[in-house]
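Visitor: Following this line is start.cif, made up of mmCIF, C-alpha atoms:
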```cif
data_upload
loop_
_atom_site.group_PDB
_atom_site.id
_atom_site.type_symbol
_atom_site.label_atom_id
_atom_site.label_comp_id
_atom_site.auth_asym_id
_atom_site.auth_seq_id
_atom_site.Cartn_x
_atom_site.Cartn_y
_atom_site.Cartn_z
ATOM 1 C CA MET A 11 110.184 107.261 69.140
ATOM 2 C CA ASN A 12 108.159 104.071 68.982
ATOM 3 C CA SER A 13 105.195 103.999 71.391
ATOM 4 C CA ASP A 14 104.782 100.239 70.889
ATOM 5 C CA LYS A 15 107.956 99.208 72.667
ATOM 6 C CA LYS A 16 107.770 95.943 74.612
ATOM 7 C CA GLU A 17 107.423 95.777 78.356
ATOM 8 C CA THR A 18 110.852 95.840 79.991
ATOM 9 C CA VAL A 19 111.834 93.671 82.950
ATOM 10 C CA ILE A 20 114.646 95.181 85.016
ATOM 11 C CA LEU A 21 116.580 92.844 87.292
ATOM 12 C CA PHE A 22 117.990 94.808 90.220
ATOM 13 C CA ASN A 23 120.816 93.915 92.577
ATOM 14 C CA MET A 24 123.431 95.475 94.831
ATOM 15 C CA GLY A 25 126.278 95.255 92.321
ATOM 16 C CA GLY A 26 130.011 94.949 92.739
ATOM 17 C CA ALA A 27 133.231 96.543 91.568
ATOM 18 C CA ASN A 28 134.007 95.768 87.919
ATOM 19 C CA SER A 29 137.713 96.405 88.512
ATOM 20 C CA ILE A 30 140.104 97.213 91.346
ATOM 21 C CA LYS A 31 139.818 100.906 90.401
ATOM 22 C CA GLU A 32 136.059 100.791 91.061
ATOM 23 C CA VAL A 33 136.323 99.366 94.591
ATOM 24 C CA ASP A 34 136.466 102.806 96.217
ATOM 25 C CA THR A 35 133.412 104.133 94.343
ATOM 26 C CA PHE A 36 131.425 100.974 94.985
ATOM 27 C CA LEU A 37 132.116 101.046 98.731
ATOM 28 C CA ILE A 38 131.399 104.785 99.063
ATOM 29 C CA ASN A 39 128.094 104.388 97.207
ATOM 30 C CA MET A 40 127.130 101.487 99.444
ATOM 31 C CA PHE A 41 127.958 103.098 102.787
ATOM 32 C CA ASN A 42 126.350 106.384 101.769
ATOM 33 C CA ASP A 43 123.048 104.500 101.562
ATOM 34 C CA TYR A 44 120.814 105.344 104.536
ATOM 35 C CA HIS A 45 119.552 101.743 104.617
ATOM 36 C CA ILE A 46 123.121 100.468 105.012
ATOM 37 C CA LEU A 47 124.460 103.152 107.352
ATOM 38 C CA ASN A 48 121.427 104.191 109.373
ATOM 39 C CA ILE A 49 122.361 107.859 109.942
ATOM 40 C CA LYS A 50 119.701 110.424 108.963
ATOM 41 C CA ASN A 51 122.057 113.378 108.500
ATOM 42 C CA SER A 52 123.484 112.869 104.992
ATOM 43 C CA PHE A 53 126.567 115.016 105.685
ATOM 44 C CA MET A 54 127.483 113.035 108.809
ATOM 45 C CA ARG A 55 126.700 109.789 107.005
ATOM 46 C CA SER A 56 129.093 110.680 104.168
ATOM 47 C CA ILE A 57 131.901 111.479 106.639
ATOM 48 C CA ILE A 58 131.446 108.211 108.536
ATOM 49 C CA ALA A 59 131.078 106.311 105.258
ATOM 50 C CA LYS A 60 134.467 107.591 104.086
ATOM 51 C CA LYS A 61 136.073 106.529 107.380
ATOM 52 C CA ILE A 62 134.617 103.029 107.088
ATOM 53 C CA VAL A 63 135.679 102.741 103.438
ATOM 54 C CA ASN A 64 139.241 103.868 104.192
ATOM 55 C CA LYS A 65 139.454 101.264 106.951
ATOM 56 C CA ILE A 66 138.107 98.264 105.018
ATOM 57 C CA LYS A 67 139.238 99.096 101.464
ATOM 58 C CA PRO A 68 142.697 97.429 101.676
ATOM 59 C CA ASN A 69 141.110 94.116 102.691
ATOM 60 C CA VAL A 70 138.351 94.410 100.094
ATOM 61 C CA ILE A 71 140.959 95.008 97.379
ATOM 62 C CA LYS A 72 142.825 91.867 98.503
ATOM 63 C CA HIS A 73 139.580 89.911 98.247
ATOM 64 C CA TYR A 74 138.973 91.170 94.714
ATOM 65 C CA GLU A 75 142.554 90.386 93.709
ATOM 66 C CA ALA A 76 142.055 86.817 94.934
ATOM 67 C CA ILE A 77 139.020 86.332 92.659
ATOM 68 C CA GLY A 78 140.407 87.849 89.460
ATOM 69 C CA GLY A 79 140.276 91.595 90.111
ATOM 70 C CA LYS A 80 136.506 92.079 89.838
ATOM 71 C CA SER A 81 133.161 90.841 91.090
ATOM 72 C CA PRO A 82 131.588 88.136 88.896
ATOM 73 C CA ILE A 83 128.117 89.562 89.515
ATOM 74 C CA ASN A 84 127.933 91.605 86.302
ATOM 75 C CA GLU A 85 129.190 88.814 84.070
ATOM 76 C CA TYR A 86 126.690 86.293 85.448
ATOM 77 C CA THR A 87 123.827 88.807 85.326
ATOM 78 C CA GLU A 88 124.680 89.727 81.731
ATOM 79 C CA LYS A 89 124.547 86.031 80.790
ATOM 80 C CA LEU A 90 121.219 85.669 82.607
ATOM 81 C CA VAL A 91 119.743 88.680 80.779
ATOM 82 C CA ASN A 92 120.922 87.305 77.428
ATOM 83 C CA LYS A 93 119.283 83.958 78.205
ATOM 84 C CA LEU A 94 116.046 85.660 79.259
ATOM 85 C CA ASN A 95 115.894 87.632 76.030
ATOM 86 C CA LYS A 96 116.372 84.409 74.029
ATOM 87 C CA LEU A 97 113.745 82.493 76.003
ATOM 88 C CA ASP A 98 111.111 85.258 76.068
ATOM 89 C CA SER A 99 110.757 87.520 73.039
ATOM 90 C CA SER A 100 107.583 89.137 74.429
ATOM 91 C CA LYS A 101 109.594 91.324 76.818
ATOM 92 C CA ASP A 102 112.928 93.104 76.924
ATOM 93 C CA TYR A 103 115.188 92.162 79.860
ATOM 94 C CA LYS A 104 117.790 94.483 81.354
ATOM 95 C CA TYR A 105 119.521 94.915 84.705
ATOM 96 C CA VAL A 106 120.676 97.683 87.051
ATOM 97 C CA MET A 107 122.987 97.762 90.066
ATOM 98 C CA ASN A 108 122.403 99.924 93.122
ATOM 99 C CA TYR A 109 126.031 100.796 93.866
ATOM 100 C CA SER A 110 127.817 100.172 90.562
ATOM 101 C CA ASN A 111 127.206 100.149 86.807
ATOM 102 C CA PRO A 112 124.933 99.748 84.957
ATOM 103 C CA SER A 113 123.164 102.502 86.889
ATOM 104 C CA ALA A 114 119.408 102.940 87.104
ATOM 105 C CA TYR A 115 119.774 106.450 85.664
ATOM 106 C CA ASN A 116 121.376 105.328 82.394
ATOM 107 C CA VAL A 117 119.038 102.378 81.884
ATOM 108 C CA LEU A 118 115.858 104.319 82.675
ATOM 109 C CA LYS A 119 116.919 107.290 80.590
ATOM 110 C CA GLU A 120 117.147 104.972 77.581
ATOM 111 C CA LEU A 121 113.755 103.424 78.348
ATOM 112 C CA LYS A 122 112.143 106.844 78.597
ATOM 113 C CA TYR A 123 113.684 107.870 75.280
ATOM 114 C CA ASN A 124 112.282 104.701 73.701
ATOM 115 C CA ASN A 125 108.867 105.431 75.246
ATOM 116 C CA VAL A 126 108.633 102.142 77.142
ATOM 117 C CA ARG A 127 105.358 102.399 79.060
ATOM 118 C CA GLU A 128 105.450 99.286 81.261
ATOM 119 C CA ILE A 129 108.285 98.104 83.503
ATOM 120 C CA THR A 130 108.617 95.156 85.865
ATOM 121 C CA LEU A 131 111.194 95.619 88.610
ATOM 122 C CA PHE A 132 112.501 92.180 89.563
ATOM 123 C CA SER A 133 114.537 91.682 92.737
ATOM 124 C CA MET A 134 117.601 89.464 92.626
ATOM 125 C CA TYR A 135 117.047 88.937 96.365
ATOM 126 C CA PRO A 136 114.627 86.033 97.066
ATOM 127 C CA GLN A 137 113.786 87.387 100.533
ATOM 128 C CA TYR A 138 112.653 90.953 101.206
ATOM 129 C CA SER A 139 114.649 93.362 103.370
ATOM 130 C CA GLU A 140 114.663 97.124 103.635
ATOM 131 C CA VAL A 141 118.465 96.956 103.523
ATOM 132 C CA THR A 142 118.471 95.419 100.053
ATOM 133 C CA VAL A 143 115.125 95.448 98.217
ATOM 134 C CA LYS A 144 113.634 98.678 99.564
ATOM 135 C CA SER A 145 116.939 100.479 99.105
ATOM 136 C CA SER A 146 117.152 99.463 95.437
ATOM 137 C CA LEU A 147 113.512 100.299 94.747
ATOM 138 C CA GLU A 148 113.819 103.744 96.317
ATOM 139 C CA SER A 149 116.912 104.447 94.213
ATOM 140 C CA ILE A 150 115.016 103.486 91.050
ATOM 141 C CA TYR A 151 111.948 105.544 91.989
ATOM 142 C CA LYS A 152 114.062 108.627 92.691
ATOM 143 C CA VAL A 153 115.670 108.326 89.266
ATOM 144 C CA MET A 154 112.266 108.020 87.595
ATOM 145 C CA LYS A 155 111.069 111.114 89.423
ATOM 146 C CA LYS A 156 114.211 112.995 88.408
ATOM 147 C CA LEU A 157 113.705 111.959 84.788
ATOM 148 C CA LYS A 158 109.967 112.776 85.023
ATOM 149 C CA TYR A 159 109.413 109.311 83.647
ATOM 150 C CA LYS A 160 105.981 107.816 84.320
ATOM 151 C CA ALA A 161 105.267 104.225 83.401
ATOM 152 C CA LYS A 162 103.143 101.359 84.628
ATOM 153 C CA ILE A 163 105.255 99.696 87.304
ATOM 154 C CA ASN A 164 105.058 96.043 88.371
ATOM 155 C CA ILE A 165 107.196 94.685 91.179
ATOM 156 C CA VAL A 166 108.507 91.263 92.143
ATOM 157 C CA ASP A 167 110.106 92.064 95.499
ATOM 158 C CA ARG A 168 110.416 88.520 96.921
ATOM 159 C CA TYR A 169 109.833 84.920 95.873
ATOM 160 C CA TYR A 170 111.295 82.725 98.618
ATOM 161 C CA TYR A 171 107.960 80.861 98.657
ATOM 162 C CA ASP A 172 107.805 80.227 94.887
ATOM 163 C CA ASP A 173 107.705 76.577 93.855
ATOM 164 C CA ASN A 174 109.757 76.965 90.673
ATOM 165 C CA TYR A 175 112.423 79.004 92.453
ATOM 166 C CA ASN A 176 112.787 76.436 95.231
ATOM 167 C CA ASN A 177 112.820 73.548 92.752
ATOM 168 C CA ALA A 178 115.700 75.280 90.956
ATOM 169 C CA VAL A 179 117.616 75.529 94.245
ATOM 170 C CA VAL A 180 116.981 71.864 95.057
ATOM 171 C CA LYS A 181 118.280 70.930 91.617
ATOM 172 C CA LEU A 182 121.532 72.808 92.281
ATOM 173 C CA ILE A 183 122.003 71.157 95.661
ATOM 174 C CA LYS A 184 121.370 67.715 94.148
ATOM 175 C CA GLU A 185 123.925 68.360 91.413
ATOM 176 C CA SER A 186 126.493 69.611 93.940
ATOM 177 C CA ILE A 187 126.298 66.451 96.038
ATOM 178 C CA LYS A 188 125.956 63.981 93.162
ATOM 179 C CA TYR A 189 127.744 60.654 93.722
ATOM 180 C CA LYS A 190 128.077 61.397 97.448
ATOM 181 C CA ASN A 191 126.055 60.201 100.425
ATOM 182 C CA SER A 192 123.979 63.170 101.625
ATOM 183 C CA GLU A 193 123.474 61.504 105.018
ATOM 184 C CA GLU A 194 127.163 62.120 105.761
ATOM 185 C CA TYR A 195 126.821 65.893 105.224
ATOM 186 C CA ILE A 196 125.636 68.920 107.173
ATOM 187 C CA LEU A 197 123.756 71.318 104.868
ATOM 188 C CA ILE A 198 124.244 74.963 105.829
ATOM 189 C CA PHE A 199 121.936 77.577 104.335
ATOM 190 C CA SER A 200 124.113 80.692 104.530
ATOM 191 C CA ALA A 201 122.223 83.987 104.197
ATOM 192 C CA HIS A 202 123.687 87.472 104.136
ATOM 193 C CA SER A 203 123.351 88.949 107.617
ATOM 194 C CA ILE A 204 121.859 92.348 108.468
ATOM 195 C CA PRO A 205 121.944 94.368 111.714
ATOM 196 C CA LYS A 206 119.421 92.994 114.214
ATOM 197 C CA ILE A 207 118.041 96.498 114.743
ATOM 198 C CA HIS A 208 116.238 96.221 111.392
ATOM 199 C CA ILE A 209 114.487 93.026 112.497
ATOM 200 C CA ASP A 210 113.477 94.692 115.771
ATOM 201 C CA LYS A 211 111.808 97.438 113.692
ATOM 202 C CA GLY A 212 109.792 94.926 111.690
ATOM 203 C CA ASP A 213 111.981 93.944 108.750
ATOM 204 C CA PRO A 214 110.690 90.501 107.603
ATOM 205 C CA TYR A 215 114.057 89.265 106.326
ATOM 206 C CA LYS A 216 114.859 86.820 109.161
ATOM 207 C CA TYR A 217 111.362 85.333 109.032
ATOM 208 C CA GLU A 218 111.510 84.899 105.253
ATOM 209 C CA CYS A 219 114.954 83.276 105.390
ATOM 210 C CA HIS A 220 113.641 80.828 107.999
ATOM 211 C CA CYS A 221 110.539 80.055 105.891
ATOM 212 C CA ASN A 222 112.694 79.561 102.793
ATOM 213 C CA ALA A 223 114.971 77.136 104.642
ATOM 214 C CA GLU A 224 111.967 75.141 105.890
ATOM 215 C CA ILE A 225 110.462 74.934 102.389
ATOM 216 C CA LEU A 226 113.766 73.656 101.018
ATOM 217 C CA LYS A 227 114.159 71.138 103.849
ATOM 218 C CA ASP A 228 110.769 69.667 102.952
ATOM 219 C CA LYS A 229 111.531 69.562 99.221
ATOM 220 C CA LEU A 230 114.929 67.950 99.758
ATOM 221 C CA TYR A 231 113.362 65.291 101.990
ATOM 222 C CA LYS A 232 110.746 64.514 99.332
ATOM 223 C CA GLU A 233 113.542 64.218 96.762
ATOM 224 C CA GLY A 234 115.185 61.569 98.922
ATOM 225 C CA LEU A 235 118.051 63.790 100.086
ATOM 226 C CA HIS A 236 118.491 63.151 103.805
ATOM 227 C CA PHE A 237 121.236 65.210 105.445
ATOM 228 C CA LYS A 238 122.877 64.620 108.806
ATOM 229 C CA ASP A 239 121.601 68.066 109.769
ATOM 230 C CA ILE A 240 120.265 71.187 108.024
ATOM 231 C CA VAL A 241 120.877 74.606 109.594
ATOM 232 C CA LEU A 242 120.419 78.288 108.758
ATOM 233 C CA SER A 243 123.215 80.782 109.433
ATOM 234 C CA TYR A 244 124.295 84.306 108.476
ATOM 235 C CA GLN A 245 127.474 85.739 106.981
ATOM 236 C CA SER A 246 129.200 89.024 106.038
ATOM 237 C CA LYS A 247 128.886 91.001 109.277
ATOM 238 C CA ILE A 248 130.551 94.437 109.278
ATOM 239 C CA GLY A 249 131.040 96.749 112.260
ATOM 240 C CA LYS A 250 130.184 96.560 115.953
ATOM 241 C CA LEU A 251 126.365 96.405 115.862
ATOM 242 C CA GLU A 252 124.582 93.180 116.770
ATOM 243 C CA TRP A 253 123.807 91.278 113.559
ATOM 244 C CA LEU A 254 121.722 88.194 112.886
ATOM 245 C CA SER A 255 123.175 84.966 114.237
ATOM 246 C CA PRO A 256 124.382 82.260 114.313
ATOM 247 C CA THR A 257 127.194 83.145 111.946
ATOM 248 C CA THR A 258 128.174 80.759 109.184
ATOM 249 C CA ILE A 259 131.722 80.424 110.481
ATOM 250 C CA ASP A 260 130.313 79.530 113.935
ATOM 251 C CA MET A 261 128.333 76.738 112.254
ATOM 252 C CA VAL A 262 131.509 75.533 110.549
ATOM 253 C CA LYS A 263 133.187 75.503 113.967
ATOM 254 C CA LYS A 264 130.207 73.728 115.578
ATOM 255 C CA TYR A 265 130.440 70.884 113.063
ATOM 256 C CA SER A 266 134.193 70.437 113.380
ATOM 257 C CA GLY A 267 135.313 67.151 111.848
ATOM 258 C CA GLU A 268 132.165 66.754 109.729
ATOM 259 C CA LYS A 269 131.444 67.045 106.006
ATOM 260 C CA LEU A 270 129.738 70.275 104.931
ATOM 261 C CA ILE A 271 127.776 71.567 101.957
ATOM 262 C CA ILE A 272 126.862 75.250 101.909
ATOM 263 C CA TYR A 273 124.116 76.866 99.846
ATOM 264 C CA PRO A 274 124.097 80.729 99.751
ATOM 265 C CA LEU A 275 120.399 81.140 100.558
ATOM 266 C CA ALA A 276 120.034 84.905 100.124
ATOM 267 C CA PHE A 277 122.048 85.161 96.905
ATOM 268 C CA THR A 278 120.876 84.316 93.382
ATOM 269 C CA ILE A 279 124.059 85.508 91.628
ATOM 270 C CA ASP A 280 127.583 84.583 92.729
ATOM 271 C CA ASN A 281 129.652 87.491 94.037
ATOM 272 C CA SER A 282 132.635 88.210 96.268
ATOM 273 C CA GLU A 283 130.693 87.084 99.335
ATOM 274 C CA THR A 284 130.161 83.622 97.893
ATOM 275 C CA ILE A 285 133.310 82.941 95.887
ATOM 276 C CA TYR A 286 135.716 84.701 98.258
ATOM 277 C CA GLU A 287 134.138 84.763 101.716
ATOM 278 C CA ILE A 288 132.726 81.227 101.599
ATOM 279 C CA ASP A 289 134.814 79.404 99.029
ATOM 280 C CA ILE A 290 138.211 80.832 99.967
ATOM 281 C CA GLU A 291 138.050 82.299 103.480
ATOM 282 C CA TYR A 292 135.623 79.851 105.151
ATOM 283 C CA ARG A 293 137.025 76.889 103.233
ATOM 284 C CA LYS A 294 140.541 77.639 104.496
ATOM 285 C CA GLU A 295 139.357 77.911 108.106
ATOM 286 C CA ALA A 296 137.169 74.821 107.765
ATOM 287 C CA ILE A 297 139.979 72.601 106.565
ATOM 288 C CA ASN A 298 142.962 74.037 108.460
ATOM 289 C CA LYS A 299 141.295 74.997 111.723
ATOM 290 C CA TYR A 300 138.187 72.854 112.152
ATOM 291 C CA ASN A 301 139.217 69.600 110.459
ATOM 292 C CA ILE A 302 136.254 69.630 108.046
ATOM 293 C CA LYS A 303 136.558 66.427 105.996
ATOM 294 C CA ASP A 304 134.787 67.771 102.900
ATOM 295 C CA PHE A 305 133.684 71.316 102.052
ATOM 296 C CA ILE A 306 131.271 71.845 99.149
ATOM 297 C CA LEU A 307 130.034 75.256 98.068
ATOM 298 C CA CYS A 308 126.906 75.014 95.972
ATOM 299 C CA PRO A 309 126.873 77.708 93.250
ATOM 300 C CA CYS A 310 124.141 80.317 93.060
ATOM 301 C CA LEU A 311 121.394 80.053 90.455
ATOM 302 C CA ASN A 312 123.285 82.479 88.201
ATOM 303 C CA ASP A 313 122.251 82.086 84.543
ATOM 304 C CA SER A 314 120.687 78.640 84.903
ATOM 305 C CA THR A 315 117.760 77.934 82.594
ATOM 306 C CA SER A 316 115.563 76.932 85.544
ATOM 307 C CA PHE A 317 116.120 80.320 87.197
ATOM 308 C CA ALA A 318 115.520 82.172 83.931
ATOM 309 C CA LYS A 319 112.198 80.359 83.507
ATOM 310 C CA THR A 320 111.274 81.218 87.098
ATOM 311 C CA ILE A 321 111.897 84.920 86.401
ATOM 312 C CA ILE A 322 109.798 84.790 83.235
ATOM 313 C CA GLU A 323 106.870 83.176 85.038
ATOM 314 C CA LEU A 324 107.013 85.475 88.052
ATOM 315 C CA SER A 325 107.235 88.525 85.796
ATOM 316 C CA ASN A 326 103.898 87.572 84.275
ATOM 317 C CA ILE A 327 101.935 87.385 87.536
ATOM 318 C CA ASN A 328 103.056 90.425 89.527
ATOM 319 C CA LYS A 329 100.788 93.176 90.763
ATOM 320 C CA GLU A 330 100.741 96.759 89.552
ATOM 321 C CA VAL A 331 101.608 99.456 92.067
ATOM 322 C CA ASN A 332 101.644 103.218 91.864
ATOM 323 C CA MET A 333 105.236 104.137 92.615
ATOM 324 C CA TYR A 334 104.572 107.795 93.377
ATOM 325 C CA ASP A 335 101.795 107.042 95.868
ATOM 326 C CA LYS A 336 103.640 104.145 97.510
ATOM 327 C CA ILE A 337 107.210 105.376 97.848
ATOM 328 C CA ILE A 338 107.878 108.973 96.768
#
```
Could I get this structure in the form of structure tokens?

Guide:
Amino acid sequence: MNSDKKETVILFNMGGANSIKEVDTFLINMFNDYHILNIKNSFMRSIIAKKIVNKIKPNVIKHYEAIGGKSPINEYTEKLVNKLNKLDSSKDYKYVMNYSNPSAYNVLKELKYNNVREITLFSMYPQYSEVTVKSSLESIYKVMKKLKYKAKINIVDRYYYDDNYNNAVVKLIKESIKYKNSEEYILIFSAHSIPKIHIDKGDPYKYECHCNAEILKDKLYKEGLHFKDIVLSYQSKIGKLEWLSPTTIDMVKKYSGEKLIIYPLAFTIDNSETIYEIDIEYRKEAINKYNIKDFILCPCLNDSTSFAKTIIELSNINKEVNMYDKII
């Protein structure tokens, strides 16, 4: 084994089913996560998780069928990783998914075998939440402990405040509304919702989404993009708990008869919640039910060069942490 292996940057995300056959496994893995289904007893959590999965699986399969039979998240992330490796030869870039493949176990096992001694864990979520970021980090740490793999660990767990990241978002919004009058449009920043109980316990997600939206508002104004209104909303609620509001579909309803452009604020990679929930489900309701005159979905950053360069820069300035002292 070579002890001089380059530092590895691991992009981490929730994941998605890579085929219809994987939908069941993906959903079970997700709802068995304590941070998703907040039940301490693992046996009870697994029973309830199976009940939830059995109830929602038919609809989820229909959603996947409507977008080509799989989530696009792996394909876009693979393209992003390939671009990163071309742009930055000083590091090796890989990715892991929390609830689907490639798994943290397989990726980290290979890194241990190759004696990689420094790893940067890079969140694909711009804003921090225990539901997403902490969950993924804990999964990775547990695998490292299981593998008895010790390495210098750096973490980029949020970057909603980063100038390069926000400039990349502004660029996407500008491109999406090119040749149109922005003053005729309502801009909706749609973030993935989480149960309000997490916010009540101190999760900073809502605050960071709000700050991110305000930063982008200011940047857009300075770029000469003046919208009729700019609002923040939340999507993808599941179950009966109280989740963050207002919902994105309520914002669509509120602006009945207007022109809308939606940017998926909490997503960096397109997935079923952007290309199905927003671009198919919300679009249909917007046009057929709420008389929306124009409906534009701005794509996520995906494998854009500006996002790749943001990742490279942020990966060079993060702070070392001791994973065993901090988490395990």

Visitor: Evaluated on this file, the PyMOL selection byres ((chain A and resi 101) around 8) picks out some residues - which ones are they, written as an mmCIF file with C-alpha atoms, in the coordinates of the input?

Guide:
```cif
data_model
loop_
_atom_site.group_PDB
_atom_site.id
_atom_site.type_symbol
_atom_site.label_atom_id
_atom_site.label_comp_id
_atom_site.auth_asym_id
_atom_site.auth_seq_id
_atom_site.Cartn_x
_atom_site.Cartn_y
_atom_site.Cartn_z
ATOM 1 C CA LYS A 16 107.770 95.943 74.612
ATOM 2 C CA GLU A 17 107.423 95.777 78.356
ATOM 3 C CA THR A 18 110.852 95.840 79.991
ATOM 4 C CA VAL A 19 111.834 93.671 82.950
ATOM 5 C CA ASN A 95 115.894 87.632 76.030
ATOM 6 C CA ASP A 98 111.111 85.258 76.068
ATOM 7 C CA SER A 99 110.757 87.520 73.039
ATOM 8 C CA SER A 100 107.583 89.137 74.429
ATOM 9 C CA ASP A 102 112.928 93.104 76.924
ATOM 10 C CA TYR A 103 115.188 92.162 79.860
#
```

Visitor: Identify all residues satisfying the PyMOL selection byres ((chain A and resi 154-167) around 8) in the given file; provide them as number ranges by chain.

Guide: A: 115, 118-119, 122, 126-133, 135-138, 143, 150-153, 168-169, 324-325, 328-333

Visitor: Just the residues within 9 Å of Asp34 of chain A, please, counting all atoms listed in the file, with nothing from its chain fewer than 5 positions along; format it as a list in words.

Guide: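 After dropping sequence-adjacent residues, the list is Ala27, Asn39, Val63, Asn64 and Lys67 of chain A.
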
Visitor: Under the PyMOL selection byres ((chain A and resi 222-236) around 9), which residues of this model are included? Write them out as a list in words.

Guide: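 Selected by the PyMOL selection byres ((chain A and resi 222-236) around 9) here: Pro136, Gln137, Tyr170, Tyr171, Asn176, Asn177, Val179, Val180, Ile183, Lys184, Asn191, Ser192, Glu193, Glu194, Tyr195, Phe199, Tyr217, Glu218, Cys219, His220, Cys221, Phe237, Lys238, Asp239, Ile240, Val241, Leu242 and Leu275 of chain A.
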
Visitor: Show me a table, sorted first by chain and then by increasing residue number, of the residues of segment 132-224 of chain A having an atom at most 9 Å from segment 305-313 of chain A, each with its shortest atom pair and the distance in Å to one decimal, counting only C-alpha atoms and written as a tab-separated table.

Guide:
```
residue	atom	partner	partner_atom	distance
A:Ala178	CA	A:Leu311	CA	7.4
A:Val179	CA	A:Leu311	CA	7.0
A:Leu182	CA	A:Cys308	CA	6.9
A:Ile183	CA	A:Cys308	CA	6.2
A:Glu185	CA	A:Cys308	CA	8.6
A:Ser186	CA	A:Cys308	CA	5.8
A:Ile187	CA	A:Ile306	CA	8.0
```
